[in-house]
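Asks: Quick one: the structure is below, questions incoming.
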Amino acid sequence: MKEYNVKILEKRPENWSEIEKAEINECVWLFDYKPLCFAQLVFIKDEGFLVKITCFEKNPKAVHEGFYSSVYKDSCLEMFAIFDNTSDKYVNIEMNSIGSSLVAVGAERHDRTPIDKIIEKPFPVKAVKKEDKWSVEAFVSINDLNKIYGVDKEVFKKGYEFKGNFYKCGDETEIEHYLMWNRVETEKPDYHRPEYFGKFILI
């Protein structure tokens, strides 16, 4: 199991180059396309978690628009996490290069609730597209985590551990592909497998 250190910050990072990178480079199912991708995750004290995922692609496919659209069929960057380590419910955050997202909560693939059924509105997503790369940022507030899990900010302190994974996929792109940070050992592509999540540690 891989481990990633989640830095606790007083405010949003001004320089992401100072934040540890989780390389999304594990490939299990298809091997024809492996763009350079990495994720970065921080915890902003008294506010929540901010994730940034970057992929070096020149023309990422992005045809699905709005919330809860099938962004995984596009060029897609994802974070799955069980933010409350006493729960079996994980949050899947899936995003394309125009900022469309699919976010849900549940214990496994077929028992999921769209996030807007639990909190007032979906997590804010910011997408930035440049000539040779694109990135997405998503913010998960402590208030949202309280509504999802019933946890409060006192839980998230130095040494706290929880599990999750980072992914890159494109189910209906020109070259179908699936990459991950922590290796998933299933016969067919399946990201909804929390038993293969890695470990996140607040530092």
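In the structure tokens, chains take the letters A, B, ... in the order shown, each chain's residues start at 1, and ligands count up from 1 in the order shown.
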Based on the backbone DSSP call, show me all residues of region 24-186 of chain A assigned alpha helix (DSSP H), as a list in words.

Replies: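 Of region 24-186 of chain A, only Ile142, Asn143, Asp144, Leu145, Asn146, Lys147, Ile148 and Tyr149 of chain A fall in alpha helix (DSSP H).
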
Asks: Which neighbours of Asp88 (chain A) fall inside 8 Å, counting only C-alpha atoms, when residues of the same chain fewer than 6 positions from it are skipped, and could you give them as a list of chain:residue names?

Replies: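 Residues near the query, excluding close chain neighbours: A:Ile82, A:Gly106, A:Ala107.
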
Asks: Got a sec: who's within 12 Å of Lys117 (chain A), counting only C-alpha atoms, leaving out chain neighbours fewer than 5 positions off, as a ChimeraX atom specification?

Replies: /A:68,103-105,112,122,144,147-148

Asks: Include N, CA, C and O atoms and write out the residues we just selected as a CSV table (one decimal), in the first residue's frame.

Replies:
```
chain,number,residue,atom,x,y,z
A,68,TYR,N,-22.9,15.6,-12.5
A,68,TYR,CA,-23.3,14.2,-12.6
A,68,TYR,C,-23.5,13.7,-14.0
A,68,TYR,O,-24.3,12.9,-14.3
A,103,VAL,N,-19.8,13.4,-8.6
A,103,VAL,CA,-19.4,13.1,-7.2
A,103,VAL,C,-20.6,12.4,-6.5
A,103,VAL,O,-21.7,12.8,-6.6
A,104,ALA,N,-20.2,11.3,-5.8
A,104,ALA,CA,-21.2,10.5,-5.1
A,104,ALA,C,-20.6,9.9,-3.8
A,104,ALA,O,-19.4,9.9,-3.7
A,105,VAL,N,-21.4,9.4,-3.0
A,105,VAL,CA,-21.0,8.8,-1.7
A,105,VAL,C,-21.7,7.4,-1.5
A,105,VAL,O,-22.8,7.2,-1.8
A,112,ARG,N,-24.7,4.2,-4.3
A,112,ARG,CA,-24.1,5.5,-4.3
A,112,ARG,C,-25.1,6.6,-4.3
A,112,ARG,O,-26.1,6.4,-5.0
A,122,PRO,N,-22.8,20.7,-5.2
A,122,PRO,CA,-21.6,19.9,-5.4
A,122,PRO,C,-20.4,20.7,-5.0
A,122,PRO,O,-20.3,21.9,-4.9
A,144,ASP,N,-19.0,20.1,4.7
A,144,ASP,CA,-19.6,19.1,3.8
A,144,ASP,C,-19.2,17.7,4.4
A,144,ASP,O,-20.1,16.8,4.4
A,147,LYS,N,-21.6,16.8,7.1
A,147,LYS,CA,-22.9,16.3,6.6
A,147,LYS,C,-22.9,14.9,6.0
A,147,LYS,O,-23.8,14.1,6.1
A,148,ILE,N,-21.7,14.6,5.5
A,148,ILE,CA,-21.6,13.2,4.9
A,148,ILE,C,-21.3,12.2,6.0
A,148,ILE,O,-21.9,11.1,5.9
```

Asks: Which is closer to Ile142 (chain A) than all the others in A:Glu195, A:Glu20, A:Glu161, A:Asp84, using only C-alpha atoms?

Replies: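 Comparing A:Glu195, A:Glu20, A:Glu161, A:Asp84 against Ile142 (chain A), the winner is A:Asp84.
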
Asks: Give me, as number ranges by chain, all polymer residues having an atom no more than 7 Å from Asp171 (chain A), counting only C-alpha atoms and skipping those fewer than 2 positions away in the same chain.

Replies: A: 72-74, 169, 173, 176-177

Asks: Looking at only C-alpha atoms, which of A:Asp152, A:Glu57, A:Glu65, A:Glu47 is the one that sits closest to Tyr33 (chain A)?

Replies: A:Glu57

Asks: Compile the contact shell of Tyr196 (chain A) as an MDAnalysis selection string: residues with an atom at most 7 Å away, counting only C-alpha atoms, same-chain residues fewer than 2 positions apart removed.

Replies: chainID A and resid 182:184 193:194 198

Asks: Can you write out the residues you just picked, keeping C-alpha atoms, as an mmCIF file, in the first residue's frame?

Replies:
```
data_model
loop_
_atom_site.group_PDB
_atom_site.id
_atom_site.type_symbol
_atom_site.label_atom_id
_atom_site.label_comp_id
_atom_site.auth_asym_id
_atom_site.auth_seq_id
_atom_site.Cartn_x
_atom_site.Cartn_y
_atom_site.Cartn_z
ATOM 1 C CA ASN A 182 -2.210 2.834 -5.792
ATOM 2 C CA ARG A 183 -2.382 -0.318 -7.882
ATOM 3 C CA VAL A 184 -5.780 -2.013 -8.336
ATOM 4 C CA ARG A 193 -12.584 -0.998 -5.020
ATOM 5 C CA PRO A 194 -11.703 0.586 -1.666
ATOM 6 C CA GLY A 198 -3.649 3.753 -0.474
#
```

Asks: If you measure from CA of Leu77 (chain A) to CA of Met1 (chain A), what distance in Å do you get, rounded to one decimal?

Replies: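 Computing it gives 20.7 Å between the two atoms.
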
Asks: Measuring atom to atom with only C-alpha atoms, identify which of A:Ser141, A:Asn146, A:Asn165, A:Ser135 is nearest to Glu3 (chain A).

Replies: A:Asn165

Asks: Have a look at A:Tyr149, A:Phe200, A:Tyr178, A:Phe123 and name the one nearest to Leu30 (chain A); count only C-alpha atoms.

Replies: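 For Leu30 (chain A), the nearest of the given residues is A:Tyr178.
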
Asks: If you run DSSP on this backbone, which residues of chain A come out as strand (DSSP E or B), and could you give them as a ChimeraX atom specification?

Replies: /A:3-9,22-23,26,37-44,48-55,67,76-82,90-95,101-106,112-114,125-129,134-141,161-170,177-180,198-202

Asks: Take the residues that were just selected and, keeping C-alpha atoms, output them as a CSV table (one decimal), in the first residue's frame.

Replies:
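Result file part.csv:
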```csv
chain,number,residue,atom,x,y,z
A,3,GLU,CA,1.4,6.3,1.4
A,4,TYR,CA,0.9,10.0,0.8
A,5,ASN,CA,1.6,12.8,3.3
A,6,VAL,CA,-1.1,15.4,3.3
A,7,LYS,CA,0.4,18.7,4.5
A,8,ILE,CA,-1.7,20.8,6.9
A,9,LEU,CA,-1.6,24.5,5.8
A,22,ALA,CA,1.4,11.4,-6.0
A,23,GLU,CA,2.3,10.0,-9.4
A,26,GLU,CA,0.3,2.4,-12.3
A,37,CYS,CA,-0.3,12.6,-14.4
A,38,PHE,CA,0.1,13.4,-10.7
A,39,ALA,CA,-2.1,14.5,-7.8
A,40,GLN,CA,-1.5,16.8,-4.9
A,41,LEU,CA,-3.6,17.0,-1.7
A,42,VAL,CA,-3.5,19.4,1.2
A,43,PHE,CA,-5.6,20.1,4.3
A,44,ILE,CA,-6.4,23.7,5.0
A,48,GLY,CA,-11.2,21.4,4.4
A,49,PHE,CA,-9.3,19.4,1.8
A,50,LEU,CA,-8.1,20.8,-1.5
A,51,VAL,CA,-7.0,18.4,-4.2
A,52,LYS,CA,-5.2,19.3,-7.4
A,53,ILE,CA,-4.7,16.8,-10.2
A,54,THR,CA,-2.6,17.5,-13.3
A,55,CYS,CA,-2.3,15.7,-16.6
A,67,PHE,CA,-22.9,18.0,-12.7
A,76,CYS,CA,-11.0,12.3,-16.7
A,77,LEU,CA,-9.0,12.9,-13.4
A,78,GLU,CA,-10.4,11.4,-10.2
A,79,MET,CA,-9.9,11.2,-6.5
A,80,PHE,CA,-11.7,8.6,-4.3
A,81,ALA,CA,-11.4,8.8,-0.5
A,82,ILE,CA,-12.9,7.5,2.7
A,90,TYR,CA,-16.1,6.6,0.2
A,91,VAL,CA,-16.5,9.8,-1.9
A,92,ASN,CA,-15.7,9.6,-5.6
A,93,ILE,CA,-14.8,12.9,-7.3
A,94,GLU,CA,-14.5,12.6,-11.1
A,95,MET,CA,-13.7,15.7,-13.2
A,101,SER,CA,-17.9,16.6,-12.3
A,102,LEU,CA,-19.5,13.5,-11.0
A,103,VAL,CA,-19.4,13.1,-7.2
A,104,ALA,CA,-21.2,10.5,-5.1
A,105,VAL,CA,-21.0,8.8,-1.7
A,106,GLY,CA,-21.4,5.2,-0.7
A,112,ARG,CA,-24.1,5.5,-4.3
A,113,THR,CA,-25.8,8.8,-3.5
A,114,PRO,CA,-25.1,11.9,-5.6
A,125,VAL,CA,-14.3,22.4,-9.2
A,126,LYS,CA,-11.8,24.6,-11.0
A,127,ALA,CA,-10.4,23.5,-14.3
A,128,VAL,CA,-7.4,25.0,-16.1
A,129,LYS,CA,-6.4,24.0,-19.6
A,134,TRP,CA,-4.6,20.5,-17.9
A,135,SER,CA,-5.5,20.4,-14.3
A,136,VAL,CA,-8.5,20.3,-12.0
A,137,GLU,CA,-8.9,21.4,-8.4
A,138,ALA,CA,-11.7,20.3,-6.0
A,139,PHE,CA,-12.5,21.6,-2.5
A,140,VAL,CA,-14.1,19.4,0.1
A,141,SER,CA,-15.1,21.5,3.1
A,161,GLU,CA,-4.9,8.6,8.7
A,162,PHE,CA,-7.5,7.7,6.0
A,163,LYS,CA,-7.6,5.9,2.7
A,164,GLY,CA,-8.1,6.8,-0.9
A,165,ASN,CA,-6.8,6.7,-4.5
A,166,PHE,CA,-6.1,8.9,-7.5
A,167,TYR,CA,-7.0,7.9,-11.0
A,168,LYS,CA,-6.8,8.9,-14.7
A,169,CYS,CA,-9.1,7.4,-17.2
A,170,GLY,CA,-10.9,7.8,-20.5
A,177,HIS,CA,-6.9,4.0,-20.8
A,178,TYR,CA,-6.8,3.6,-17.0
A,179,LEU,CA,-4.1,4.7,-14.7
A,180,MET,CA,-3.9,4.9,-10.9
A,198,GLY,CA,-3.6,3.8,-0.5
A,199,LYS,CA,-3.0,5.6,2.8
A,200,PHE,CA,-3.2,9.3,3.4
A,201,ILE,CA,-1.5,10.8,6.5
A,202,LEU,CA,-2.0,14.3,7.8
```

Asks: Have a look at CA of Glu108 (chain A) and CA of Val28 (chain A) and let me know their distance in Å, one decimal.

Replies: 20.7 Å

Asks: Just the number, please: distance in Å from CA of Ile118 (chain A) to CA of Asp190 (chain A), one decimal.

Replies: 24.7 Å

Asks: I need the residue nearest His64 (chain A) from this list: A:Gly150, A:Pro124, A:Gly99, A:Gly159. Use only C-alpha atoms for the distance.

Replies: A:Gly99

Asks: Given only C-alpha atoms as the basis, pick out the residue of A:Asp46, A:Glu187, A:Glu120, A:Asp111 nearest to Glu154 (chain A).

Replies: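 Nearest to Glu154 (chain A): A:Asp46.
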